[in-house]
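Peer 1: Sharing a structure below in structure tokens format, with a few things to ask.
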Amino acid sequence: MKGTIFDIKRYAIHDGPGIRTTVFFKGCKLRCQWCHNPEGIKFEREIMFRPERCAEECWDCVPRCPQKAINENGTIISINPKKCDLCGICEDVCAYEAVAIVGRDVTVLEIIKEVEKDRIFYDESGGGVTISGGEPLAQGDFLLALLEELNERSIHTAVDTSGFMPYEILSEVSKRADLILCDLKVIDEHRHRVFTGESNRIILENLRKLSKNGNNIVIRMPVLKGLNDDSENIQTMVDFLLPLNKSWQINLLPFHRGGEGKLKRLNKKNPLVDFKTPSEKKLGEIKDILSSHGFHVKIGG
Ligand code: SF4
Ligand code: SF4
């Protein structure tokens, strides 16, 4: 069995306890406008181009492209995604890492081989492996197979999910993962639909069900100025979470513009222009409100 991933990051310290290796699965059904991993949205492989890395008048890749998808205008090259068949030849040719095919098919054991390299750090720091994305539950069978291999090796596992998946798969994953990191973006359904393209009903219902099963959950709330940092959203979040489980930790993740450059490299429109990072004061206020209701709140991952 193979799954599609787009990255493996070692020495991660914001994706769960201790020092971790984060494996990023490719593909997600939500369309969060602020997504900082836009290369994880499409399930299919895609090409990323960083023109700023190009060497002056190099053009080595231009004649090598079998599809004639790369053009140069004397100053810069451009890649026509409609002609490109993702053969990867330009990635191999380029000595400057200016082009890359994002996404590769891997087996569970190939991932295990990679993450085992840092076992000593997991053991010493109380860390492990986090599976993120994209939406890892969207490749459910592959995710379950990976979790089983990690469990057999006694490596701590965390799964970072949007929660926007059928409960059947989430339930199976929660039985095998040590920790679920679940996003909670906006409680108001209309607002959620506007900014992610989908209703949040499944997500809220999934959290209710997880709370009944006593799962170990960290709620991750991306905080965006003007989108979900208002007192109405915070209060509805408190009202929603209070009956569930007060022992769940809430992580407030301030919006950052990390996705902006990636959107450009993927030749995609940038919807991030209107989003802003909340001030430290605002984050502190949100933290205080949530803490006053008994939640353990942390700013950051
Ligand atoms: S993408 Fe790489 S090979 Fe192609 S022109 Fe730029 S630097 Fe040269
Ligand atoms: S991946 Fe292949 S088809 Fe696409 S631009 Fe590069 S060389 Fe051309």
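Residue numbering restarts at 1 for every chain of the structure tokens, chains are lettered A, B, ... in their displayed order, and ligands are numbered from 1 as they appear.
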Could you please extract the residues within 6 Å of ligand 2, counting only C-alpha atoms and all ligand atoms, and hand them back as a list in words?
Peer 2: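 Listed by chain and ascending number, the contacts are Cys65, Pro66, Gln67, Ala69, Ile70, Ile79, Cys84, Asp85, Leu86, Cys87, Gly88, Ile89 and Cys90 of chain A.
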Peer 1: Include all heavy atoms and write out the residues we just selected as a PDB file, in the first residue's frame.
Peer 2:
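The result, stored in again-v7.pdb:
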ATOM      1  N   CYS A  65      12.754  19.948 -21.410  1.00  0.00           N
ATOM      2  CA  CYS A  65      11.349  19.631 -21.120  1.00  0.00           C
ATOM      3  C   CYS A  65      10.697  18.940 -22.325  1.00  0.00           C
ATOM      4  O   CYS A  65      10.541  19.553 -23.384  1.00  0.00           O
ATOM      5  CB  CYS A  65      10.576  20.902 -20.766  1.00  0.00           C
ATOM      6  SG  CYS A  65       8.809  20.575 -20.562  1.00  0.00           S
ATOM      7  N   PRO A  66      10.281  17.679 -22.172  1.00  0.00           N
ATOM      8  CA  PRO A  66       9.703  16.968 -23.315  1.00  0.00           C
ATOM      9  C   PRO A  66       8.370  17.553 -23.775  1.00  0.00           C
ATOM     10  O   PRO A  66       7.978  17.375 -24.923  1.00  0.00           O
ATOM     11  CB  PRO A  66       9.494  15.541 -22.797  1.00  0.00           C
ATOM     12  CG  PRO A  66      10.076  15.473 -21.436  1.00  0.00           C
ATOM     13  CD  PRO A  66      10.335  16.851 -20.954  1.00  0.00           C
ATOM     14  N   GLN A  67       7.695  18.255 -22.867  1.00  0.00           N
ATOM     15  CA  GLN A  67       6.372  18.800 -23.199  1.00  0.00           C
ATOM     16  C   GLN A  67       6.439  20.244 -23.699  1.00  0.00           C
ATOM     17  O   GLN A  67       5.408  20.861 -23.955  1.00  0.00           O
ATOM     18  CB  GLN A  67       5.462  18.764 -21.954  1.00  0.00           C
ATOM     19  CG  GLN A  67       5.271  17.397 -21.342  1.00  0.00           C
ATOM     20  CD  GLN A  67       4.706  16.395 -22.322  1.00  0.00           C
ATOM     21  OE1 GLN A  67       3.874  16.726 -23.158  1.00  0.00           O
ATOM     22  NE2 GLN A  67       5.189  15.163 -22.238  1.00  0.00           N
ATOM     23  N   ALA A  69       6.953  22.788 -21.979  1.00  0.00           N
ATOM     24  CA  ALA A  69       6.132  23.554 -21.020  1.00  0.00           C
ATOM     25  C   ALA A  69       6.905  24.719 -20.417  1.00  0.00           C
ATOM     26  O   ALA A  69       6.325  25.556 -19.731  1.00  0.00           O
ATOM     27  CB  ALA A  69       5.652  22.623 -19.906  1.00  0.00           C
ATOM     28  N   ILE A  70       8.233  24.760 -20.651  1.00  0.00           N
ATOM     29  CA  ILE A  70       9.036  25.826 -20.032  1.00  0.00           C
ATOM     30  C   ILE A  70       9.473  26.828 -21.109  1.00  0.00           C
ATOM     31  O   ILE A  70      10.018  26.440 -22.139  1.00  0.00           O
ATOM     32  CB  ILE A  70      10.294  25.247 -19.339  1.00  0.00           C
ATOM     33  CG1 ILE A  70       9.927  24.042 -18.457  1.00  0.00           C
ATOM     34  CG2 ILE A  70      10.987  26.322 -18.512  1.00  0.00           C
ATOM     35  CD1 ILE A  70      11.111  23.364 -17.789  1.00  0.00           C
ATOM     36  N   ILE A  79       6.593  28.416 -16.428  1.00  0.00           N
ATOM     37  CA  ILE A  79       6.183  27.031 -16.664  1.00  0.00           C
ATOM     38  C   ILE A  79       4.686  27.004 -16.911  1.00  0.00           C
ATOM     39  O   ILE A  79       3.912  27.558 -16.121  1.00  0.00           O
ATOM     40  CB  ILE A  79       6.541  26.140 -15.452  1.00  0.00           C
ATOM     41  CG1 ILE A  79       8.062  26.164 -15.236  1.00  0.00           C
ATOM     42  CG2 ILE A  79       6.050  24.709 -15.657  1.00  0.00           C
ATOM     43  CD1 ILE A  79       8.535  25.449 -13.992  1.00  0.00           C
ATOM     44  N   CYS A  84       2.558  20.848 -18.643  1.00  0.00           N
ATOM     45  CA  CYS A  84       3.450  20.038 -17.794  1.00  0.00           C
ATOM     46  C   CYS A  84       2.783  18.718 -17.398  1.00  0.00           C
ATOM     47  O   CYS A  84       1.645  18.706 -16.940  1.00  0.00           O
ATOM     48  CB  CYS A  84       3.791  20.839 -16.537  1.00  0.00           C
ATOM     49  SG  CYS A  84       4.673  19.876 -15.298  1.00  0.00           S
ATOM     50  N   ASP A  85       3.496  17.613 -17.569  1.00  0.00           N
ATOM     51  CA  ASP A  85       2.950  16.312 -17.148  1.00  0.00           C
ATOM     52  C   ASP A  85       3.661  15.788 -15.890  1.00  0.00           C
ATOM     53  O   ASP A  85       3.564  14.602 -15.573  1.00  0.00           O
ATOM     54  CB  ASP A  85       3.009  15.286 -18.284  1.00  0.00           C
ATOM     55  CG  ASP A  85       4.450  14.902 -18.626  1.00  0.00           C
ATOM     56  OD1 ASP A  85       5.383  15.447 -18.006  1.00  0.00           O
ATOM     57  OD2 ASP A  85       4.638  14.042 -19.508  1.00  0.00           O
ATOM     58  N   LEU A  86       4.376  16.667 -15.203  1.00  0.00           N
ATOM     59  CA  LEU A  86       5.028  16.346 -13.920  1.00  0.00           C
ATOM     60  C   LEU A  86       6.071  15.229 -14.050  1.00  0.00           C
ATOM     61  O   LEU A  86       6.259  14.451 -13.127  1.00  0.00           O
ATOM     62  CB  LEU A  86       3.974  15.963 -12.862  1.00  0.00           C
ATOM     63  CG  LEU A  86       2.872  16.992 -12.604  1.00  0.00           C
ATOM     64  CD1 LEU A  86       1.803  16.404 -11.705  1.00  0.00           C
ATOM     65  CD2 LEU A  86       3.446  18.249 -11.959  1.00  0.00           C
ATOM     66  N   CYS A  87       6.747  15.190 -15.185  1.00  0.00           N
ATOM     67  CA  CYS A  87       7.736  14.120 -15.387  1.00  0.00           C
ATOM     68  C   CYS A  87       8.925  14.267 -14.435  1.00  0.00           C
ATOM     69  O   CYS A  87       9.611  13.296 -14.142  1.00  0.00           O
ATOM     70  CB  CYS A  87       8.219  14.100 -16.838  1.00  0.00           C
ATOM     71  SG  CYS A  87       9.280  15.514 -17.257  1.00  0.00           S
ATOM     72  N   GLY A  88       9.206  15.483 -13.976  1.00  0.00           N
ATOM     73  CA  GLY A  88      10.286  15.691 -13.001  1.00  0.00           C
ATOM     74  C   GLY A  88      11.660  15.911 -13.616  1.00  0.00           C
ATOM     75  O   GLY A  88      12.641  16.084 -12.879  1.00  0.00           O
ATOM     76  N   ILE A  89      11.750  15.927 -14.935  1.00  0.00           N
ATOM     77  CA  ILE A  89      13.073  16.086 -15.570  1.00  0.00           C
ATOM     78  C   ILE A  89      13.698  17.430 -15.178  1.00  0.00           C
ATOM     79  O   ILE A  89      14.881  17.515 -14.844  1.00  0.00           O
ATOM     80  CB  ILE A  89      12.954  15.941 -17.110  1.00  0.00           C
ATOM     81  CG1 ILE A  89      12.648  14.483 -17.445  1.00  0.00           C
ATOM     82  CG2 ILE A  89      14.241  16.406 -17.816  1.00  0.00           C
ATOM     83  CD1 ILE A  89      12.370  14.202 -18.909  1.00  0.00           C
ATOM     84  N   CYS A  90      12.894  18.491 -15.173  1.00  0.00           N
ATOM     85  CA  CYS A  90      13.449  19.820 -14.846  1.00  0.00           C
ATOM     86  C   CYS A  90      13.980  19.846 -13.408  1.00  0.00           C
ATOM     87  O   CYS A  90      14.994  20.489 -13.118  1.00  0.00           O
ATOM     88  CB  CYS A  90      12.420  20.924 -15.067  1.00  0.00           C
ATOM     89  SG  CYS A  90      10.886  20.663 -14.173  1.00  0.00           S
TER      90      CYS A  90
END
Peer 1: Can you tell me which residues surround range 161-170 of chain A at a distance of at most 8 Å, considering only C-alpha atoms, apart from same-chain residues fewer than 3 positions away, and format the answer as a compact mmCIF listing (two decimals) with all heavy atoms, in the first residue's frame?
Peer 2:
# COMPACT_ATOMS: atom_id res chain seq x y z
N LYS A 29 -9.90 18.22 1.99
CA LYS A 29 -11.18 18.60 1.38
C LYS A 29 -11.63 20.00 1.78
O LYS A 29 -12.56 20.55 1.20
CB LYS A 29 -12.25 17.57 1.75
CG LYS A 29 -11.97 16.26 1.03
CD LYS A 29 -13.01 15.22 1.33
CE LYS A 29 -12.64 13.95 0.55
NZ LYS A 29 -13.41 12.80 0.99
N LEU A 30 -11.01 20.56 2.81
CA LEU A 30 -11.36 21.94 3.17
C LEU A 30 -10.56 22.92 2.30
O LEU A 30 -9.52 22.55 1.74
CB LEU A 30 -11.05 22.21 4.64
CG LEU A 30 -11.95 21.55 5.68
CD1 LEU A 30 -11.53 21.96 7.09
CD2 LEU A 30 -13.42 21.90 5.46
N SER A 132 0.54 14.95 9.82
CA SER A 132 -0.19 16.18 9.55
C SER A 132 -0.49 16.25 8.05
O SER A 132 -0.44 15.26 7.34
CB SER A 132 0.67 17.36 10.03
OG SER A 132 0.00 18.58 9.87
N GLY A 133 -0.80 17.44 7.56
CA GLY A 133 -1.10 17.53 6.12
C GLY A 133 -1.20 18.96 5.68
O GLY A 133 -0.59 19.85 6.29
N GLU A 135 -4.87 16.79 4.98
CA GLU A 135 -5.72 16.10 5.96
C GLU A 135 -5.33 14.63 5.98
O GLU A 135 -5.71 13.88 5.06
CB GLU A 135 -7.19 16.29 5.57
CG GLU A 135 -8.17 15.46 6.38
CD GLU A 135 -7.96 15.60 7.89
OE1 GLU A 135 -8.24 16.69 8.40
OE2 GLU A 135 -7.49 14.64 8.55
N PRO A 136 -4.59 14.19 7.00
CA PRO A 136 -4.12 12.80 6.99
C PRO A 136 -5.24 11.76 6.98
O PRO A 136 -5.08 10.68 6.42
CB PRO A 136 -3.29 12.69 8.28
CG PRO A 136 -3.59 13.89 9.09
CD PRO A 136 -4.10 14.94 8.16
N LEU A 137 -6.40 12.11 7.56
CA LEU A 137 -7.49 11.12 7.59
C LEU A 137 -8.08 10.87 6.20
O LEU A 137 -8.81 9.91 6.00
CB LEU A 137 -8.60 11.57 8.55
CG LEU A 137 -8.41 11.18 10.01
CD1 LEU A 137 -7.25 11.89 10.64
CD2 LEU A 137 -9.68 11.42 10.81
N ALA A 138 -7.77 11.76 5.27
CA ALA A 138 -8.29 11.57 3.91
C ALA A 138 -7.60 10.39 3.22
O ALA A 138 -8.07 9.93 2.18
CB ALA A 138 -8.11 12.85 3.09
N GLY A 140 -7.16 7.38 4.80
CA GLY A 140 -7.43 6.67 6.04
C GLY A 140 -6.72 5.33 6.19
O GLY A 140 -6.12 5.05 7.22
N VAL A 173 -8.81 5.99 14.01
CA VAL A 173 -7.53 6.66 14.18
C VAL A 173 -7.29 6.97 15.66
O VAL A 173 -6.20 6.75 16.20
CB VAL A 173 -7.48 7.96 13.33
CG1 VAL A 173 -6.28 8.83 13.70
CG2 VAL A 173 -7.41 7.61 11.85
N SER A 174 -8.34 7.44 16.35
CA SER A 174 -8.16 7.82 17.76
C SER A 174 -7.86 6.61 18.63
O SER A 174 -7.27 6.74 19.70
CB SER A 174 -9.39 8.58 18.27
OG SER A 174 -10.49 7.72 18.29
N ILE A 180 -4.67 13.28 19.60
CA ILE A 180 -5.30 13.89 18.42
C ILE A 180 -5.21 15.41 18.57
O ILE A 180 -5.61 15.96 19.60
CB ILE A 180 -6.80 13.50 18.31
CG1 ILE A 180 -6.98 11.98 18.20
CG2 ILE A 180 -7.47 14.21 17.14
CD1 ILE A 180 -6.59 11.37 16.89
N LEU A 181 -4.64 16.06 17.56
CA LEU A 181 -4.61 17.52 17.52
C LEU A 181 -5.72 17.93 16.56
O LEU A 181 -5.63 17.65 15.36
CB LEU A 181 -3.26 18.02 16.99
CG LEU A 181 -1.99 17.43 17.61
CD1 LEU A 181 -0.76 17.80 16.80
CD2 LEU A 181 -1.83 17.94 19.03
N CYS A 182 -6.79 18.51 17.09
CA CYS A 182 -7.95 18.79 16.23
C CYS A 182 -8.21 20.29 16.12
O CYS A 182 -8.31 20.98 17.13
CB CYS A 182 -9.20 18.09 16.77
SG CYS A 182 -10.60 18.21 15.63
N ASP A 183 -8.33 20.76 14.90
CA ASP A 183 -8.59 22.19 14.67
C ASP A 183 -10.00 22.56 15.12
O ASP A 183 -10.93 21.77 14.96
CB ASP A 183 -8.51 22.52 13.18
CG ASP A 183 -7.09 22.48 12.65
OD1 ASP A 183 -6.18 22.21 13.45
OD2 ASP A 183 -6.92 22.72 11.45
N LEU A 184 -10.14 23.76 15.63
CA LEU A 184 -11.46 24.35 15.86
C LEU A 184 -11.31 25.80 15.45
O LEU A 184 -10.68 26.59 16.13
CB LEU A 184 -11.87 24.21 17.34
CG LEU A 184 -13.30 24.60 17.67
CD1 LEU A 184 -14.31 23.80 16.86
CD2 LEU A 184 -13.59 24.38 19.16
N ASN A 200 -19.24 23.39 9.39
CA ASN A 200 -18.44 22.79 10.47
C ASN A 200 -19.24 21.77 11.29
O ASN A 200 -18.79 21.32 12.33
CB ASN A 200 -17.89 23.88 11.40
CG ASN A 200 -19.00 24.73 12.01
OD1 ASN A 200 -20.17 24.51 11.73
ND2 ASN A 200 -18.61 25.68 12.84
N ILE A 202 -19.95 18.62 10.93
CA ILE A 202 -19.29 17.31 11.14
C ILE A 202 -18.19 17.46 12.19
O ILE A 202 -18.03 16.61 13.07
CB ILE A 202 -18.67 16.80 9.82
CG1 ILE A 202 -19.76 16.50 8.81
CG2 ILE A 202 -17.81 15.55 10.06
CD1 ILE A 202 -19.21 16.12 7.44
N ILE A 203 -17.44 18.57 12.11
CA ILE A 203 -16.31 18.78 13.03
C ILE A 203 -16.82 18.87 14.47
O ILE A 203 -16.29 18.22 15.39
CB ILE A 203 -15.54 20.07 12.66
CG1 ILE A 203 -15.00 19.96 11.23
CG2 ILE A 203 -14.42 20.36 13.65
CD1 ILE A 203 -14.49 21.26 10.64
N ASN A 206 -18.06 15.53 15.64
CA ASN A 206 -16.93 14.63 15.90
C ASN A 206 -16.30 14.93 17.26
O ASN A 206 -15.94 14.01 18.00
CB ASN A 206 -15.87 14.78 14.81
CG ASN A 206 -16.23 14.00 13.57
OD1 ASN A 206 -17.06 13.09 13.62
ND2 ASN A 206 -15.62 14.35 12.44
N LEU A 207 -16.16 16.21 17.59
CA LEU A 207 -15.57 16.55 18.89
C LEU A 207 -16.46 16.10 20.04
O LEU A 207 -15.98 15.61 21.06
CB LEU A 207 -15.29 18.06 18.96
CG LEU A 207 -14.04 18.51 18.18
CD1 LEU A 207 -13.99 20.02 18.04
CD2 LEU A 207 -12.76 18.00 18.86
Peer 1: For Lys281 in chain A, which residue out of A:Gly197, A:Gly16, A:Pro254, A:Gly126 is the nearest one, using only C-alpha atoms?
Peer 2: A:Pro254
Peer 1: DSSP on the backbone, then: every residue of range 51-298 of chain A marked alpha helix (DSSP H), written as an MDAnalysis selection string.
Peer 2: chainID A and resid 89:93 108:116 119:125 140:152 167:176 189:196 201:212 231:241 258:265 280:292
Peer 1: Show me which residues line ligand 1, defined as having an atom within 9 Å of a ligand atom where only C-alpha atoms and all ligand atoms count, and present them as a PyMOL selection string.
Peer 2: chain A and resi 49-62+70+72+76-78+90-99
Peer 1: So which one's closest to Gln33 in chain A, A:Met221, A:Arg193, A:His293, A:Ile250? Using only C-alpha atoms, please.
Peer 2: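 Between A:Met221, A:Arg193, A:His293, A:Ile250, the residue approaching Gln33 in chain A most closely is A:Arg193.
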Peer 1: Quick check for you: according to DSSP on this backbone, which residues of range 109-238 of chain A are classed as strand (DSSP E)? Reply as a PyMOL selection string.
Peer 2: chain A and resi 128-132+157-161+179-183+217-223
Peer 1: Using only C-alpha atoms, which residue out of A:Asp123, A:Glu114, A:Asp141, A:Glu260 lies closest to Cys35 in chain A?
Peer 2: A:Glu260
Peer 1: Can you pull out every residue within 12 Å of range 233-241 of chain A, counting only C-alpha atoms, but drop anything in the same chain fewer than 5 positions away, and send it as JSON, numbers by chain?
Peer 2: {"A": [184, 185, 186, 187, 188, 189, 191, 192, 203, 204, 205, 207, 208, 210, 211, 217, 218, 219, 220, 221, 223, 224, 225, 226, 227, 228, 246, 247, 248, 249, 250, 252, 282, 283, 285, 286, 287, 288, 289, 290, 291, 292, 293, 294, 295]}
Peer 1: Would you save the residues from that selection as a short mmCIF file (atom, residue, chain, number, x, y, z; two decimals), in the first residue's frame, using N, CA and C atoms?
Peer 2:
data_model
loop_
_atom_site.label_atom_id
_atom_site.label_comp_id
_atom_site.auth_asym_id
_atom_site.auth_seq_id
_atom_site.Cartn_x
_atom_site.Cartn_y
_atom_site.Cartn_z
N LEU A 184 -10.14 23.76 15.63
CA LEU A 184 -11.46 24.35 15.86
C LEU A 184 -11.31 25.80 15.45
N LYS A 185 -11.89 26.12 14.29
CA LYS A 185 -11.56 27.41 13.68
C LYS A 185 -12.60 28.48 14.04
N VAL A 186 -13.83 28.20 13.68
CA VAL A 186 -14.93 29.15 13.93
C VAL A 186 -16.15 28.32 14.32
N ILE A 187 -16.92 28.79 15.31
CA ILE A 187 -18.10 28.03 15.73
C ILE A 187 -19.29 28.35 14.83
N ASP A 188 -19.42 29.60 14.42
CA ASP A 188 -20.56 29.98 13.58
C ASP A 188 -20.48 29.27 12.22
N GLU A 189 -21.55 28.56 11.89
CA GLU A 189 -21.51 27.72 10.68
C GLU A 189 -21.35 28.55 9.40
N ARG A 191 -19.98 31.53 9.00
CA ARG A 191 -18.61 32.05 8.89
C ARG A 191 -17.63 30.94 8.47
N HIS A 192 -17.85 29.76 9.06
CA HIS A 192 -16.98 28.63 8.73
C HIS A 192 -17.07 28.29 7.25
N ILE A 203 -17.44 18.57 12.11
CA ILE A 203 -16.31 18.78 13.03
C ILE A 203 -16.82 18.87 14.47
N LEU A 204 -17.88 19.67 14.68
CA LEU A 204 -18.40 19.85 16.04
C LEU A 204 -18.97 18.53 16.57
N GLU A 205 -19.66 17.81 15.70
CA GLU A 205 -20.23 16.51 16.11
C GLU A 205 -19.11 15.52 16.44
N LEU A 207 -16.16 16.21 17.59
CA LEU A 207 -15.57 16.55 18.89
C LEU A 207 -16.46 16.10 20.04
N ARG A 208 -17.77 16.24 19.84
CA ARG A 208 -18.70 15.78 20.89
C ARG A 208 -18.53 14.27 21.11
N LEU A 210 -15.87 12.39 20.34
CA LEU A 210 -14.55 12.07 20.91
C LEU A 210 -14.55 12.31 22.41
N SER A 211 -15.25 13.36 22.85
CA SER A 211 -15.24 13.68 24.29
C SER A 211 -15.89 12.55 25.09
N ILE A 217 -7.08 14.82 23.59
CA ILE A 217 -7.23 15.79 22.49
C ILE A 217 -6.55 17.11 22.84
N VAL A 218 -5.93 17.71 21.84
CA VAL A 218 -5.51 19.11 21.94
C VAL A 218 -6.31 19.86 20.87
N ILE A 219 -7.01 20.91 21.29
CA ILE A 219 -7.75 21.74 20.35
C ILE A 219 -6.79 22.79 19.80
N ARG A 220 -6.72 22.90 18.49
CA ARG A 220 -5.84 23.91 17.88
C ARG A 220 -6.71 24.96 17.20
N MET A 221 -6.57 26.18 17.67
CA MET A 221 -7.39 27.26 17.11
C MET A 221 -6.50 28.27 16.39
N VAL A 223 -5.77 31.67 15.04
CA VAL A 223 -6.41 32.95 15.40
C VAL A 223 -6.08 33.99 14.34
N LEU A 224 -7.12 34.53 13.71
CA LEU A 224 -6.95 35.53 12.66
C LEU A 224 -7.71 36.79 13.04
N LYS A 225 -7.01 37.90 12.97
CA LYS A 225 -7.63 39.18 13.35
C LYS A 225 -8.85 39.44 12.45
N GLY A 226 -9.98 39.72 13.09
CA GLY A 226 -11.18 40.07 12.33
C GLY A 226 -11.96 38.87 11.82
N LEU A 227 -11.39 37.68 11.92
CA LEU A 227 -12.12 36.50 11.44
C LEU A 227 -12.72 35.72 12.60
N ASN A 228 -11.88 35.45 13.60
CA ASN A 228 -12.41 34.63 14.70
C ASN A 228 -11.89 35.06 16.07
N LYS A 246 -13.00 19.64 30.04
CA LYS A 246 -12.19 20.78 30.48
C LYS A 246 -10.70 20.45 30.49
N SER A 247 -10.36 19.16 30.46
CA SER A 247 -8.94 18.81 30.55
C SER A 247 -8.25 18.93 29.19
N TRP A 248 -9.03 19.12 28.12
CA TRP A 248 -8.41 19.29 26.81
C TRP A 248 -7.59 20.58 26.80
N GLN A 249 -6.41 20.48 26.26
CA GLN A 249 -5.59 21.69 26.12
C GLN A 249 -6.05 22.46 24.88
N ILE A 250 -6.01 23.78 24.94
CA ILE A 250 -6.33 24.61 23.76
C ILE A 250 -5.07 25.35 23.36
N LEU A 252 -3.58 28.24 20.97
CA LEU A 252 -3.94 29.36 20.11
C LEU A 252 -2.79 29.57 19.11
N LYS A 282 -4.21 40.91 22.21
CA LYS A 282 -5.45 40.21 21.88
C LYS A 282 -5.35 38.73 22.21
N LEU A 283 -4.20 38.13 21.84
CA LEU A 283 -4.01 36.71 22.15
C LEU A 283 -4.06 36.47 23.65
N GLU A 285 -5.68 38.27 25.82
CA GLU A 285 -7.07 38.41 26.27
C GLU A 285 -7.85 37.12 26.03
N ILE A 286 -7.65 36.55 24.83
CA ILE A 286 -8.37 35.30 24.50
C ILE A 286 -7.93 34.19 25.46
N LYS A 287 -6.63 34.14 25.69
CA LYS A 287 -6.10 33.12 26.61
C LYS A 287 -6.73 33.28 27.99
N ASP A 288 -6.81 34.53 28.46
CA ASP A 288 -7.37 34.78 29.80
C ASP A 288 -8.83 34.34 29.89
N ILE A 289 -9.61 34.64 28.82
CA ILE A 289 -11.03 34.26 28.84
C ILE A 289 -11.16 32.74 28.94
N LEU A 290 -10.41 32.04 28.07
CA LEU A 290 -10.51 30.57 28.06
C LEU A 290 -10.00 29.98 29.38
N SER A 291 -8.89 30.54 29.89
CA SER A 291 -8.32 30.03 31.14
C SER A 291 -9.28 30.23 32.30
N SER A 292 -10.03 31.36 32.26
CA SER A 292 -10.94 31.65 33.37
C SER A 292 -12.06 30.60 33.47
N HIS A 293 -12.25 29.85 32.39
CA HIS A 293 -13.26 28.78 32.42
C HIS A 293 -12.64 27.42 32.74
N GLY A 294 -11.35 27.43 33.09
CA GLY A 294 -10.72 26.19 33.54
C GLY A 294 -9.92 25.45 32.48
N PHE A 295 -9.87 26.00 31.25
CA PHE A 295 -9.10 25.32 30.21
C PHE A 295 -7.61 25.62 30.37
#
Peer 1: How many Å lie between CA of Lys262 in chain A and CA of Leu146 in chain A, rounded to one decimal?
Peer 2: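 Straight-line distance from CA of Lys262 in chain A to CA of Leu146 in chain A works out to 27.6 Å.
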Peer 1: Have a look at A:Pro38, A:Phe6, A:Lys83, A:Val102 and name the one nearest to Asn270 in chain A; count only C-alpha atoms.
Peer 2: A:Pro38
Peer 1: Skip Thr130 in chain A itself and residues of its chain fewer than 4 positions away, then list as an MDAnalysis selection string all residues within 6 Å of it, counting only C-alpha atoms.
Peer 2: chainID A and resid 22 157:159
